[in-house]
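K.L.:
work.csv is reproduced in full below (CSV, C-alpha atoms).
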```
chain,number,residue,atom,x,y,z
A,280,MET,CA,-8.3,-161.5,88.2
A,281,ILE,CA,-8.3,-164.9,89.8
A,282,ARG,CA,-5.1,-163.9,91.5
A,283,ILE,CA,-6.6,-160.8,93.0
A,284,THR,CA,-9.6,-162.7,94.2
A,285,ALA,CA,-7.4,-165.4,95.7
A,286,ALA,CA,-5.3,-162.7,97.4
A,287,ALA,CA,-8.4,-161.1,98.7
A,288,ALA,CA,-9.6,-164.4,100.0
A,289,VAL,CA,-6.3,-165.0,101.7
A,290,LEU,CA,-6.4,-161.5,103.3
A,291,LEU,CA,-10.0,-162.1,104.3
A,292,SER,CA,-9.1,-165.4,105.9
A,293,ILE,CA,-6.3,-163.9,107.8
A,294,PHE,CA,-8.5,-161.1,109.0
A,295,LEU,CA,-11.3,-163.5,110.0
A,296,GLY,CA,-8.7,-165.8,111.5
A,297,ASP,CA,-7.4,-163.0,113.5
A,298,ALA,CA,-10.8,-161.9,114.6
A,299,HIS,CA,-11.6,-165.4,115.7
A,300,ALA,CA,-8.3,-166.0,117.4
A,301,GLN,CA,-9.9,-164.8,120.6
A,302,THR,CA,-13.5,-165.3,121.4
A,303,VAL,CA,-15.7,-163.8,124.1
A,304,ASP,CA,-17.3,-166.2,126.6
A,305,TYR,CA,-20.7,-164.6,126.6
A,306,SER,CA,-22.1,-166.9,129.3
A,307,LYS,CA,-19.6,-165.4,131.8
A,308,SER,CA,-19.4,-161.9,130.4
A,309,GLN,CA,-21.6,-159.0,131.3
A,310,ILE,CA,-22.2,-155.4,130.7
A,311,THR,CA,-24.0,-153.7,133.6
A,312,PHE,CA,-24.8,-150.1,134.5
A,313,THR,CA,-25.8,-148.2,137.6
A,314,GLY,CA,-27.9,-145.1,137.5
A,315,LYS,CA,-29.3,-143.0,140.3
A,316,GLN,CA,-32.9,-142.5,140.8
A,317,MET,CA,-34.0,-140.0,143.4
A,318,GLY,CA,-30.5,-140.4,144.8
A,319,VAL,CA,-30.9,-144.2,145.0
A,320,PRO,CA,-28.5,-146.3,143.0
A,321,ALA,CA,-30.4,-148.5,140.5
A,322,ASP,CA,-28.6,-151.4,138.7
A,323,GLY,CA,-29.3,-152.8,135.3
A,324,ARG,CA,-27.7,-154.8,132.6
A,325,PHE,CA,-27.7,-155.6,128.9
A,326,ARG,CA,-28.6,-159.2,128.2
A,327,LYS,CA,-27.1,-159.2,124.7
A,328,PHE,CA,-24.0,-157.7,123.2
A,329,THR,CA,-21.3,-158.8,120.8
A,330,ALA,CA,-17.6,-158.0,121.2
A,331,GLN,CA,-14.7,-158.4,118.8
A,332,ILE,CA,-11.6,-158.2,120.8
A,333,ALA,CA,-8.0,-158.7,119.8
A,334,PHE,CA,-5.9,-158.2,122.8
A,335,ASP,CA,-2.2,-158.8,123.3
A,336,PRO,CA,-1.0,-157.8,126.7
A,337,ASN,CA,2.5,-157.4,125.3
A,338,LYS,CA,1.4,-155.2,122.5
A,339,PRO,CA,-1.6,-153.2,123.8
A,340,ASP,CA,-1.1,-150.7,121.0
A,341,THR,CA,-2.1,-153.2,118.4
A,342,SER,CA,-5.1,-154.4,120.5
A,343,LYS,CA,-8.5,-153.6,119.3
A,344,ALA,CA,-12.0,-153.8,120.7
A,345,GLU,CA,-15.4,-153.3,119.2
A,346,VAL,CA,-18.4,-153.8,121.3
A,347,THR,CA,-22.0,-153.6,120.1
A,348,VAL,CA,-24.7,-153.6,122.7
A,349,ASP,CA,-28.2,-154.7,121.8
A,350,LEU,CA,-30.3,-151.9,123.5
A,351,ASN,CA,-33.4,-154.0,123.1
A,352,SER,CA,-31.9,-156.4,125.6
A,353,ILE,CA,-31.8,-153.8,128.4
A,354,ASP,CA,-32.9,-155.0,131.8
A,355,THR,CA,-33.5,-152.2,134.3
A,356,GLY,CA,-35.2,-154.5,136.8
A,357,SER,CA,-38.8,-153.5,136.0
A,358,SER,CA,-40.8,-154.1,132.9
A,359,GLU,CA,-42.3,-150.6,133.2
A,360,SER,CA,-38.9,-148.9,133.0
A,361,ASP,CA,-37.6,-151.3,130.4
A,362,THR,CA,-40.4,-150.2,128.1
A,363,GLU,CA,-39.7,-146.6,129.0
A,364,VAL,CA,-36.0,-146.6,128.3
A,365,LYS,CA,-36.6,-148.1,124.9
A,366,SER,CA,-38.9,-145.3,124.0
A,367,LYS,CA,-38.3,-142.2,122.0
A,368,ASN,CA,-37.2,-140.0,124.9
A,369,TRP,CA,-34.5,-142.5,126.0
A,370,PHE,CA,-32.7,-144.8,123.6
A,371,ASN,CA,-35.4,-144.7,120.8
A,372,VAL,CA,-34.6,-148.4,120.2
A,373,PRO,CA,-36.7,-148.8,117.0
A,374,LEU,CA,-34.5,-146.1,115.4
A,375,PHE,CA,-31.2,-146.8,117.2
A,376,PRO,CA,-31.2,-150.4,118.2
A,377,ALA,CA,-27.5,-150.6,119.2
A,378,ALA,CA,-24.9,-148.7,121.1
A,379,LYS,CA,-21.4,-149.2,119.7
A,380,PHE,CA,-17.9,-148.7,121.2
A,381,THR,CA,-14.9,-148.8,118.9
A,382,SER,CA,-11.5,-148.4,120.4
A,383,THR,CA,-9.0,-146.0,118.8
A,384,SER,CA,-6.2,-146.9,121.1
A,385,ILE,CA,-5.4,-149.2,124.0
A,386,LYS,CA,-2.6,-148.2,126.4
A,387,GLN,CA,-1.0,-149.9,129.3
A,388,THR,CA,-1.0,-147.7,132.4
A,389,CYS,CA,0.7,-150.0,134.8
A,390,ALA,CA,1.2,-153.7,135.4
A,391,ASP,CA,-2.1,-155.2,134.5
A,392,LYS,CA,-3.9,-151.9,134.1
A,393,TYR,CA,-4.9,-150.6,130.8
A,394,GLU,CA,-7.0,-147.9,129.3
A,395,ALA,CA,-9.2,-148.1,126.2
A,396,ILE,CA,-9.9,-144.9,124.4
A,397,GLY,CA,-12.5,-144.9,121.7
A,398,LYS,CA,-15.7,-143.7,120.3
A,399,LEU,CA,-19.0,-144.6,121.9
A,400,SER,CA,-22.0,-144.0,119.8
A,401,ILE,CA,-25.5,-144.0,121.1
A,402,LYS,CA,-28.6,-142.6,119.5
A,403,GLY,CA,-26.6,-141.3,116.5
A,404,ILE,CA,-24.3,-139.3,118.8
A,405,SER,CA,-20.6,-140.3,118.9
A,406,GLN,CA,-18.4,-139.2,121.8
A,407,ASP,CA,-14.9,-140.0,123.1
A,408,VAL,CA,-14.8,-142.4,126.0
A,409,ARG,CA,-11.9,-143.3,128.2
A,410,ALA,CA,-12.4,-146.7,129.9
A,411,PRO,CA,-9.7,-147.9,132.4
A,412,PHE,CA,-9.7,-151.7,132.8
A,413,THR,CA,-7.7,-154.5,134.2
A,414,ALA,CA,-6.7,-157.6,132.2
A,415,LYS,CA,-5.9,-160.8,134.0
A,416,ALA,CA,-4.8,-163.9,132.2
A,417,ALA,CA,-5.1,-167.3,133.6
A,418,ASN,CA,-5.4,-170.7,131.9
A,419,GLY,CA,-5.8,-169.2,128.5
A,420,VAL,CA,-8.6,-166.9,129.6
A,421,THR,CA,-8.2,-163.2,129.9
A,422,THR,CA,-10.6,-161.5,132.2
A,423,PHE,CA,-11.3,-157.8,131.6
A,424,ASP,CA,-12.9,-155.7,134.2
A,425,GLY,CA,-13.4,-152.0,133.7
A,426,GLY,CA,-15.9,-149.3,133.3
A,427,PHE,CA,-16.5,-145.6,132.7
A,428,THR,CA,-19.0,-142.9,133.6
A,429,LEU,CA,-21.1,-141.5,130.9
A,430,LEU,CA,-23.4,-138.5,130.9
A,431,ARG,CA,-26.7,-139.7,129.5
A,432,LEU,CA,-27.8,-136.3,128.4
A,433,GLY,CA,-24.7,-136.0,126.2
A,434,TYR,CA,-26.3,-138.8,124.1
A,435,LYS,CA,-29.8,-137.3,124.5
A,436,VAL,CA,-30.8,-140.4,126.5
A,437,GLY,CA,-33.7,-139.3,128.7
A,438,GLU,CA,-35.0,-136.2,126.9
A,439,GLY,CA,-38.0,-134.1,127.6
A,440,PRO,CA,-39.3,-134.4,131.2
A,441,TRP,CA,-36.5,-136.9,131.9
A,442,GLY,CA,-34.0,-134.1,131.5
A,443,ASP,CA,-34.6,-133.5,135.2
A,444,THR,CA,-31.4,-134.9,136.6
A,445,GLU,CA,-32.7,-134.6,140.2
A,446,THR,CA,-35.0,-137.6,139.5
A,447,VAL,CA,-32.7,-139.5,137.3
A,448,ALA,CA,-29.0,-138.5,137.5
A,449,ASN,CA,-27.1,-137.6,134.4
A,450,GLU,CA,-24.1,-139.8,135.4
A,451,VAL,CA,-24.4,-143.5,134.6
A,452,GLN,CA,-21.7,-145.9,135.6
A,453,VAL,CA,-21.1,-148.5,133.0
A,454,LYS,CA,-19.2,-151.6,133.9
A,455,PHE,CA,-18.0,-154.5,131.9
A,456,HIS,CA,-16.7,-157.9,132.9
A,457,ILE,CA,-15.5,-159.8,129.8
A,458,LEU,CA,-13.9,-163.2,129.5
A,459,LEU,CA,-11.8,-163.7,126.4
A,460,THR,CA,-10.7,-167.2,125.5
A,461,ALA,CA,-7.8,-167.9,123.2
A,462,LYS,CA,-8.6,-170.4,120.6
B,42,MET,CA,-78.7,-132.7,189.3
B,43,GLN,CA,-75.7,-134.0,191.0
B,44,ALA,CA,-77.0,-137.6,190.6
B,45,ALA,CA,-77.9,-137.0,187.0
B,46,SER,CA,-74.5,-135.7,186.0
B,47,SER,CA,-72.7,-138.4,187.9
B,48,ARG,CA,-74.9,-141.0,186.2
B,49,VAL,CA,-74.1,-139.5,182.8
B,50,SER,CA,-70.4,-139.3,183.4
B,51,HIS,CA,-70.5,-142.9,184.6
B,52,ARG,CA,-72.5,-143.9,181.5
B,53,SER,CA,-69.9,-142.2,179.3
B,54,GLY,CA,-67.0,-144.0,180.8
B,55,THR,CA,-64.4,-142.2,182.8
B,56,GLY,CA,-61.5,-140.2,181.6
B,57,THR,CA,-60.3,-139.3,178.2
B,58,TYR,CA,-57.3,-139.9,176.1
B,59,THR,CA,-54.1,-138.0,176.8
B,60,ARG,CA,-53.4,-135.0,174.6
B,61,VAL,CA,-50.5,-136.8,173.1
B,62,ALA,CA,-52.6,-139.8,172.2
B,63,ILE,CA,-55.2,-137.5,170.6
B,64,ALA,CA,-52.6,-135.6,168.7
B,65,LEU,CA,-50.9,-138.8,167.5
B,66,HIS,CA,-54.2,-140.3,166.5
B,67,TRP,CA,-55.1,-137.4,164.2
B,68,ILE,CA,-51.6,-136.9,162.9
B,69,VAL,CA,-51.3,-140.6,161.9
B,70,ALA,CA,-54.9,-140.7,160.6
B,71,THR,CA,-54.3,-137.6,158.3
B,72,VAL,CA,-50.9,-138.8,157.1
B,73,ILE,CA,-52.2,-142.3,156.4
B,74,LEU,CA,-55.2,-140.9,154.4
B,75,CYS,CA,-52.9,-138.7,152.3
B,76,THR,CA,-50.4,-141.5,151.7
B,77,PHE,CA,-53.2,-143.9,150.8
B,78,LEU,CA,-54.5,-141.4,148.2
B,79,LEU,CA,-51.0,-140.6,147.0
B,80,GLY,CA,-50.5,-144.4,146.5
B,81,LEU,CA,-53.7,-144.7,144.5
B,82,TYR,CA,-52.7,-141.6,142.4
B,83,MET,CA,-49.1,-142.4,141.7
B,84,SER,CA,-49.6,-146.0,140.8
B,85,ARG,CA,-52.0,-144.9,138.1
B,86,LEU,CA,-49.6,-142.3,136.6
B,87,PRO,CA,-47.7,-143.1,133.4
B,88,PHE,CA,-44.0,-143.8,133.9
B,89,SER,CA,-42.5,-140.3,134.4
B,90,PRO,CA,-40.2,-138.3,136.6
B,91,LEU,CA,-43.2,-137.2,138.6
B,92,LYS,CA,-44.1,-140.8,139.2
B,93,LEU,CA,-40.6,-141.7,140.4
B,94,ARG,CA,-40.6,-138.6,142.7
B,95,LEU,CA,-44.0,-139.5,144.2
B,96,TYR,CA,-43.0,-143.1,144.8
B,97,SER,CA,-40.0,-141.9,146.8
B,98,TYR,CA,-42.1,-139.5,148.8
B,99,HIS,CA,-44.6,-142.3,149.4
B,100,LYS,CA,-41.9,-144.5,150.7
B,101,TRP,CA,-40.4,-141.8,153.0
B,102,ILE,CA,-43.9,-141.0,154.4
B,103,GLY,CA,-44.6,-144.7,154.8
B,104,ILE,CA,-41.5,-145.2,156.9
B,105,SER,CA,-42.5,-142.1,158.9
B,106,ILE,CA,-45.9,-143.6,159.6
B,107,PHE,CA,-44.2,-146.7,160.8
B,108,LEU,CA,-42.1,-144.7,163.2
B,109,LEU,CA,-45.1,-142.7,164.4
B,110,VAL,CA,-47.1,-145.8,165.0
B,111,VAL,CA,-44.3,-147.4,167.0
B,112,PHE,CA,-44.3,-144.3,169.2
B,113,ARG,CA,-48.1,-144.4,169.4
B,114,LEU,CA,-48.0,-148.0,170.5
B,115,LEU,CA,-45.4,-147.3,173.1
B,116,TRP,CA,-47.6,-144.4,174.3
B,117,ARG,CA,-50.7,-146.6,174.3
B,118,LEU,CA,-48.9,-149.3,176.3
B,119,THR,CA,-47.7,-146.9,178.9
B,120,HIS,CA,-50.9,-144.8,179.1
B,121,ARG,CA,-54.2,-146.5,179.8
B,122,ALA,CA,-56.9,-145.8,177.3
B,123,PRO,CA,-60.3,-144.8,178.7
B,124,PRO,CA,-62.6,-147.7,179.3
B,125,HIS,CA,-65.6,-148.5,177.1
B,126,PRO,CA,-68.9,-147.1,178.2
B,127,PRO,CA,-70.2,-149.6,180.8
B,128,ASP,CA,-73.5,-150.3,179.0
B,129,MET,CA,-71.7,-151.3,175.8
B,130,PRO,CA,-72.5,-154.9,174.9
B,131,ARG,CA,-69.8,-157.4,175.2
B,132,TRP,CA,-69.5,-158.2,171.6
B,133,GLN,CA,-69.1,-154.5,170.8
B,134,ARG,CA,-66.3,-154.2,173.3
B,135,HIS,CA,-64.6,-157.1,171.7
B,136,ALA,CA,-65.2,-155.8,168.2
B,137,ALA,CA,-63.9,-152.3,169.3
B,138,ASN,CA,-60.7,-153.8,170.9
B,139,ALA,CA,-60.1,-156.1,167.9
B,140,SER,CA,-60.5,-153.3,165.3
B,141,HIS,CA,-58.2,-151.0,167.3
B,142,TRP,CA,-55.5,-153.6,167.6
B,143,LEU,CA,-56.0,-154.6,163.9
B,144,LEU,CA,-55.5,-151.0,163.0
B,145,TYR,CA,-52.3,-150.7,165.0
B,146,GLY,CA,-51.2,-153.9,163.4
B,147,LEU,CA,-52.0,-152.8,159.9
B,148,THR,CA,-50.4,-149.4,160.3
B,149,LEU,CA,-47.2,-151.2,161.2
B,150,VAL,CA,-47.4,-154.0,158.7
B,151,ILE,CA,-48.4,-152.0,155.7
B,152,PRO,CA,-45.2,-149.8,155.6
B,153,ILE,CA,-43.2,-153.0,156.1
B,154,SER,CA,-45.0,-154.6,153.2
B,155,GLY,CA,-44.1,-151.6,151.1
B,156,TRP,CA,-40.5,-151.7,152.1
B,157,LEU,CA,-40.4,-155.5,151.3
B,158,MET,CA,-41.9,-154.7,147.9
B,159,SER,CA,-39.3,-152.1,147.2
B,160,SER,CA,-36.5,-154.4,148.2
B,161,ALA,CA,-37.8,-157.3,146.1
B,162,SER,CA,-38.1,-154.9,143.2
B,163,GLY,CA,-34.4,-154.1,143.6
B,164,ILE,CA,-35.0,-150.5,144.7
B,165,LYS,CA,-33.3,-149.5,147.9
B,166,VAL,CA,-35.3,-147.3,150.2
B,167,VAL,CA,-33.3,-144.2,151.1
B,168,TYR,CA,-35.2,-142.4,153.8
B,169,PHE,CA,-35.6,-138.8,152.8
B,170,GLY,CA,-32.9,-139.5,150.2
B,171,LEU,CA,-30.4,-139.5,153.1
B,172,ILE,CA,-30.5,-142.7,155.2
B,173,PRO,CA,-30.2,-145.9,153.2
B,174,LEU,CA,-32.4,-148.6,154.8
B,175,PRO,CA,-31.2,-152.2,154.5
B,176,ASP,CA,-32.7,-154.3,151.8
B,177,LEU,CA,-35.1,-156.7,153.5
B,178,LEU,CA,-35.1,-159.1,150.5
B,179,GLU,CA,-33.0,-160.1,147.6
B,180,LYS,CA,-34.2,-158.8,144.2
B,181,ASN,CA,-36.9,-161.2,143.0
B,182,LYS,CA,-39.3,-160.1,140.4
B,183,PRO,CA,-42.1,-162.6,140.9
B,184,LEU,CA,-42.0,-162.1,144.6
B,185,ALA,CA,-42.1,-158.3,144.1
B,186,GLU,CA,-45.3,-158.7,142.1
B,187,GLN,CA,-46.8,-160.8,144.8
B,188,LEU,CA,-45.8,-158.2,147.4
B,189,VAL,CA,-47.5,-155.5,145.4
B,190,TRP,CA,-50.7,-157.5,145.7
B,191,VAL,CA,-50.1,-158.0,149.4
B,192,HIS,CA,-49.5,-154.2,149.9
B,193,ASP,CA,-52.7,-153.4,148.0
B,194,ALA,CA,-54.8,-156.1,149.8
B,195,LEU,CA,-53.6,-154.9,153.3
B,196,ASN,CA,-54.5,-151.3,152.3
B,197,TYR,CA,-58.0,-152.2,151.3
B,198,LEU,CA,-58.4,-154.3,154.5
B,199,MET,CA,-57.3,-151.2,156.4
B,200,LEU,CA,-59.7,-149.1,154.4
B,201,ALA,CA,-62.5,-151.4,155.4
B,202,VAL,CA,-61.5,-151.4,159.1
B,203,VAL,CA,-61.2,-147.6,159.0
B,204,VAL,CA,-64.7,-147.3,157.5
B,205,LEU,CA,-66.0,-149.6,160.3
B,206,HIS,CA,-64.0,-147.5,162.9
B,207,VAL,CA,-65.5,-144.2,161.7
B,208,ALA,CA,-69.0,-145.7,161.4
B,209,ALA,CA,-68.8,-147.0,165.0
B,210,ALA,CA,-67.6,-143.6,166.3
B,211,LEU,CA,-70.5,-141.9,164.5
B,212,LYS,CA,-72.9,-144.5,165.9
B,213,HIS,CA,-71.6,-143.9,169.4
B,214,HIS,CA,-72.1,-140.1,168.9
B,215,PHE,CA,-75.4,-139.9,167.2
B,216,LEU,CA,-77.3,-143.1,168.2
B,217,ASP,CA,-75.8,-144.1,171.5
B,218,ARG,CA,-75.3,-140.4,172.4
B,219,ASP,CA,-72.2,-141.3,174.5
B,220,ASP,CA,-68.8,-139.6,174.8
B,221,VAL,CA,-66.8,-142.1,172.8
B,222,LEU,CA,-66.3,-139.7,169.9
B,223,ASN,CA,-65.9,-136.7,172.2
B,224,ARG,CA,-62.9,-138.1,174.0
B,225,MET,CA,-61.0,-138.3,170.7
B,226,VAL,CA,-62.4,-135.1,169.3
B,227,PRO,CA,-62.1,-132.7,172.3
B,228,VAL,CA,-63.7,-129.8,170.3
B,229,ILE,CA,-67.0,-131.5,170.6
B,230,LYS,CA,-68.6,-130.7,174.0
B,231,PRO,CA,-69.0,-133.7,176.2
B,232,ARG,CA,-72.5,-135.1,176.4
B,233,SER,CA,-72.3,-134.9,180.2
B,234,ARG,CA,-72.1,-131.1,180.0
B,235,VAL,CA,-74.8,-130.8,177.3
B,236,THR,CA,-77.3,-132.8,179.2
```
How does this structure look as structure tokens?

P.N.:
Amino acid sequence: MIRITAAAAVLLSIFLGDAHAQTVDYSKSQITFTGKQMGVPADGRFRKFTAQIAFDPNKPDTSKAEVTVDLNSIDTGSSESDTEVKSKNWFNVPLFPAAKFTSTSIKQTCADKYEAIGKLSIKGISQDVRAPFTAKAANGVTTFDGGFTLLRLGYKVGEGPWGDTETVANEVQVKFHILLTAK
Amino acid sequence: MQAASSRVSHRSGTGTYTRVAIALHWIVATVILCTFLLGLYMSRLPFSPLKLRLYSYHKWIGISIFLLVVFRLLWRLTHRAPPHPPDMPRWQRHAANASHWLLYGLTLVIPISGWLMSSASGIKVVYFGLIPLPDLLEKNKPLAEQLVWVHDALNYLMLAVVVLHVAAALKHHFLDRDDVLNRMVPVIKPRSRVT
């Protein structure tokens, strides 16, 4: 029994050690988005998110990413729309406080270009997402830049009267800029 | 009779505004009134697609007002406005000139203040959804809130001047019984022909 516990502890420490091998520099990382309102691009960002990333440029197949976005930290630029997008018709934050991306595979497409494929779940709906990104390493810091387009209505984000895509477009460009430091 | 009518026309001031000036005055007046009311209505709406839509329309119309006023001013500067009735007291002439130029100024400045407000809020103005106008300011929330106040204050100032402008026009028509209102409202028969 003790042995099993010890083994479990070792495994756990390896796992945690692995997860902590690379840490995200949140002060320099950001997740932003651009929607279109009456044909006019409108930018926003999420102030808080957490990311567990294990990235090996030589072995992208073994790399993993899990990103959890605190939807309550959304910043659309105006307090009026911040309140609105947290409400039931949009993210319904009290019920679904986070959006989560879990990679299922990461592939190298060319030199420093990669593609993360995974599940993005928002508001209880999970969909496949394909996010191309670049990874540039310098001085022990890997910088990821990438993004993807999501269709908000696919996640029931902006229901009811907001289903009108002429006022607020269905397409939302999501961009990430993440700095990963090797410890 | 001859003497009387010439005396009357002299008293009324000579000439009238050009047709273009009259048309521009009424077009701009109507559009401004509608946009003012639209502004009051939309800003009180709960956040909704309708609200976003109306804000865009309001901005597009505001920019159009600016362009119309620029044209109006160019017209005004190249076409002499009819003089004041000669028996109008000095202070009234000054007041009339001041309020006219203040109205020209406000109808130029108010759309700009709205544009600044939109820029500071981080929302680009895209004229009719087609022509992106440059951002006049960097996104700045506290500044945007101050500009909302400025835009409102300028509008209420304009409302006050418009009320004065209308009251003065009615005073000229009903109390002074001169042709000041008539020359901007050609459907009213000139006093000189009535008397």

K.L.:
Pull out every residue of chain B sitting within 10 Å of chain A, counting all atoms listed in the file, and send them as a compact mmCIF listing (two decimals) with C-alpha atoms, in the frame of the given file.

P.N.:
```txt
# COMPACT_ATOMS: atom_id res chain seq x y z
CA PRO B 87 -47.70 -143.10 133.40
CA PHE B 88 -44.00 -143.80 133.90
CA SER B 89 -42.50 -140.30 134.40
CA PRO B 90 -40.20 -138.30 136.60
CA LEU B 91 -43.20 -137.20 138.60
CA LYS B 92 -44.10 -140.80 139.20
CA LEU B 93 -40.60 -141.70 140.40
CA ARG B 94 -40.60 -138.60 142.70
CA TYR B 96 -43.00 -143.10 144.80
CA SER B 97 -40.00 -141.90 146.80
CA TYR B 98 -42.10 -139.50 148.80
CA SER B 162 -38.10 -154.90 143.20
CA GLY B 163 -34.40 -154.10 143.60
CA ILE B 164 -35.00 -150.50 144.70
CA LYS B 165 -33.30 -149.50 147.90
CA VAL B 166 -35.30 -147.30 150.20
CA VAL B 167 -33.30 -144.20 151.10
CA TYR B 168 -35.20 -142.40 153.80
CA PHE B 169 -35.60 -138.80 152.80
CA GLY B 170 -32.90 -139.50 150.20
CA LEU B 171 -30.40 -139.50 153.10
CA PRO B 173 -30.20 -145.90 153.20
CA LYS B 180 -34.20 -158.80 144.20
CA ASN B 181 -36.90 -161.20 143.00
CA LYS B 182 -39.30 -160.10 140.40
CA ALA B 185 -42.10 -158.30 144.10
```

K.L.:
Please, what distance in Å, to one decimal, runs between atom CA of A:Pro339 and atom CA of A:Thr302?

P.N.:
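These atoms are spaced 17.1 Å apart.
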
K.L.:
Pick out the closest residue to B:Ala209 from this set: B:Gln133, B:Ser154, B:Asn223, B:Ser160. Count only C-alpha atoms.

P.N.:
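Comparing B:Gln133, B:Ser154, B:Asn223, B:Ser160 against B:Ala209, the winner is B:Gln133.
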
K.L.:
With all atoms listed in the file as the atoms that count, which of B:Val191, B:Leu86, B:Val69, B:Leu118 lies nearest to B:Ile102?

P.N.:
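Nearest to B:Ile102: B:Val69.
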
K.L.:
For atom CA of A:Leu459 and atom CA of A:Gly419, quote the distance in Å rounded to one decimal.

P.N.:
8.4 Å

K.L.:
Quick one: pull the distance between atom CA of A:Val364 and atom CA of A:Lys307, Å, one decimal.

P.N.:
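Going from atom CA of A:Val364 over to atom CA of A:Lys307 covers 25.2 Å.
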
K.L.:
Which residue out of B:Tyr82, B:Pro130, B:Ala70, B:Arg117 has the minimum interatomic distance to B:Val203 when all atoms listed in the file are used?

P.N.:
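With all atoms listed in the file as the atom set, the closest residue is B:Ala70.
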
K.L.:
Please identify all polymer residues within 12 Å of A:Ile401, counting all atoms listed in the file, omitting same-chain residues fewer than 5 positions from it, and present them as a PyMOL selection string.

P.N.:
chain A and resi 347-350+369-372+374-381+406-408+429-436

K.L.:
Write out as a list in words each polymer residue whose atoms come within 8 Å of stretch 56-68 of chain B, counting all atoms listed in the file; drop sequence neighbours fewer than 2 positions from it.

P.N.:
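Once the adjacent positions are removed, what remains is Gly54, Ala70, Thr71, Val72, Leu109, Arg113, Trp116, Arg117, His120, Ala122, Pro123, Pro124, Arg224, Met225 and Val226 of chain B.
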
K.L.:
Let's have the selection written as an mmCIF file, in the frame of the given file, with C-alpha atoms.

P.N.:
```
data_model
loop_
_atom_site.group_PDB
_atom_site.id
_atom_site.type_symbol
_atom_site.label_atom_id
_atom_site.label_comp_id
_atom_site.auth_asym_id
_atom_site.auth_seq_id
_atom_site.Cartn_x
_atom_site.Cartn_y
_atom_site.Cartn_z
ATOM 1 C CA GLY B 54 -67.000 -144.000 180.800
ATOM 2 C CA ALA B 70 -54.900 -140.700 160.600
ATOM 3 C CA THR B 71 -54.300 -137.600 158.300
ATOM 4 C CA VAL B 72 -50.900 -138.800 157.100
ATOM 5 C CA LEU B 109 -45.100 -142.700 164.400
ATOM 6 C CA ARG B 113 -48.100 -144.400 169.400
ATOM 7 C CA TRP B 116 -47.600 -144.400 174.300
ATOM 8 C CA ARG B 117 -50.700 -146.600 174.300
ATOM 9 C CA HIS B 120 -50.900 -144.800 179.100
ATOM 10 C CA ALA B 122 -56.900 -145.800 177.300
ATOM 11 C CA PRO B 123 -60.300 -144.800 178.700
ATOM 12 C CA PRO B 124 -62.600 -147.700 179.300
ATOM 13 C CA ARG B 224 -62.900 -138.100 174.000
ATOM 14 C CA MET B 225 -61.000 -138.300 170.700
ATOM 15 C CA VAL B 226 -62.400 -135.100 169.300
#
```

K.L.:
Between B:Thr148, B:Val111, B:Leu177, B:Arg134, which has the minimum distance to B:Asn196 (counting only C-alpha atoms)?

P.N.:
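Comparing B:Thr148, B:Val111, B:Leu177, B:Arg134 against B:Asn196, the winner is B:Thr148.
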
K.L.:
For a quick check of understanding, using all atoms listed in the file, which of B:Leu74, B:Val228, B:Leu200, B:Ala161 has the smallest distance to B:Gln187?

P.N.:
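Nearest to B:Gln187: B:Ala161.
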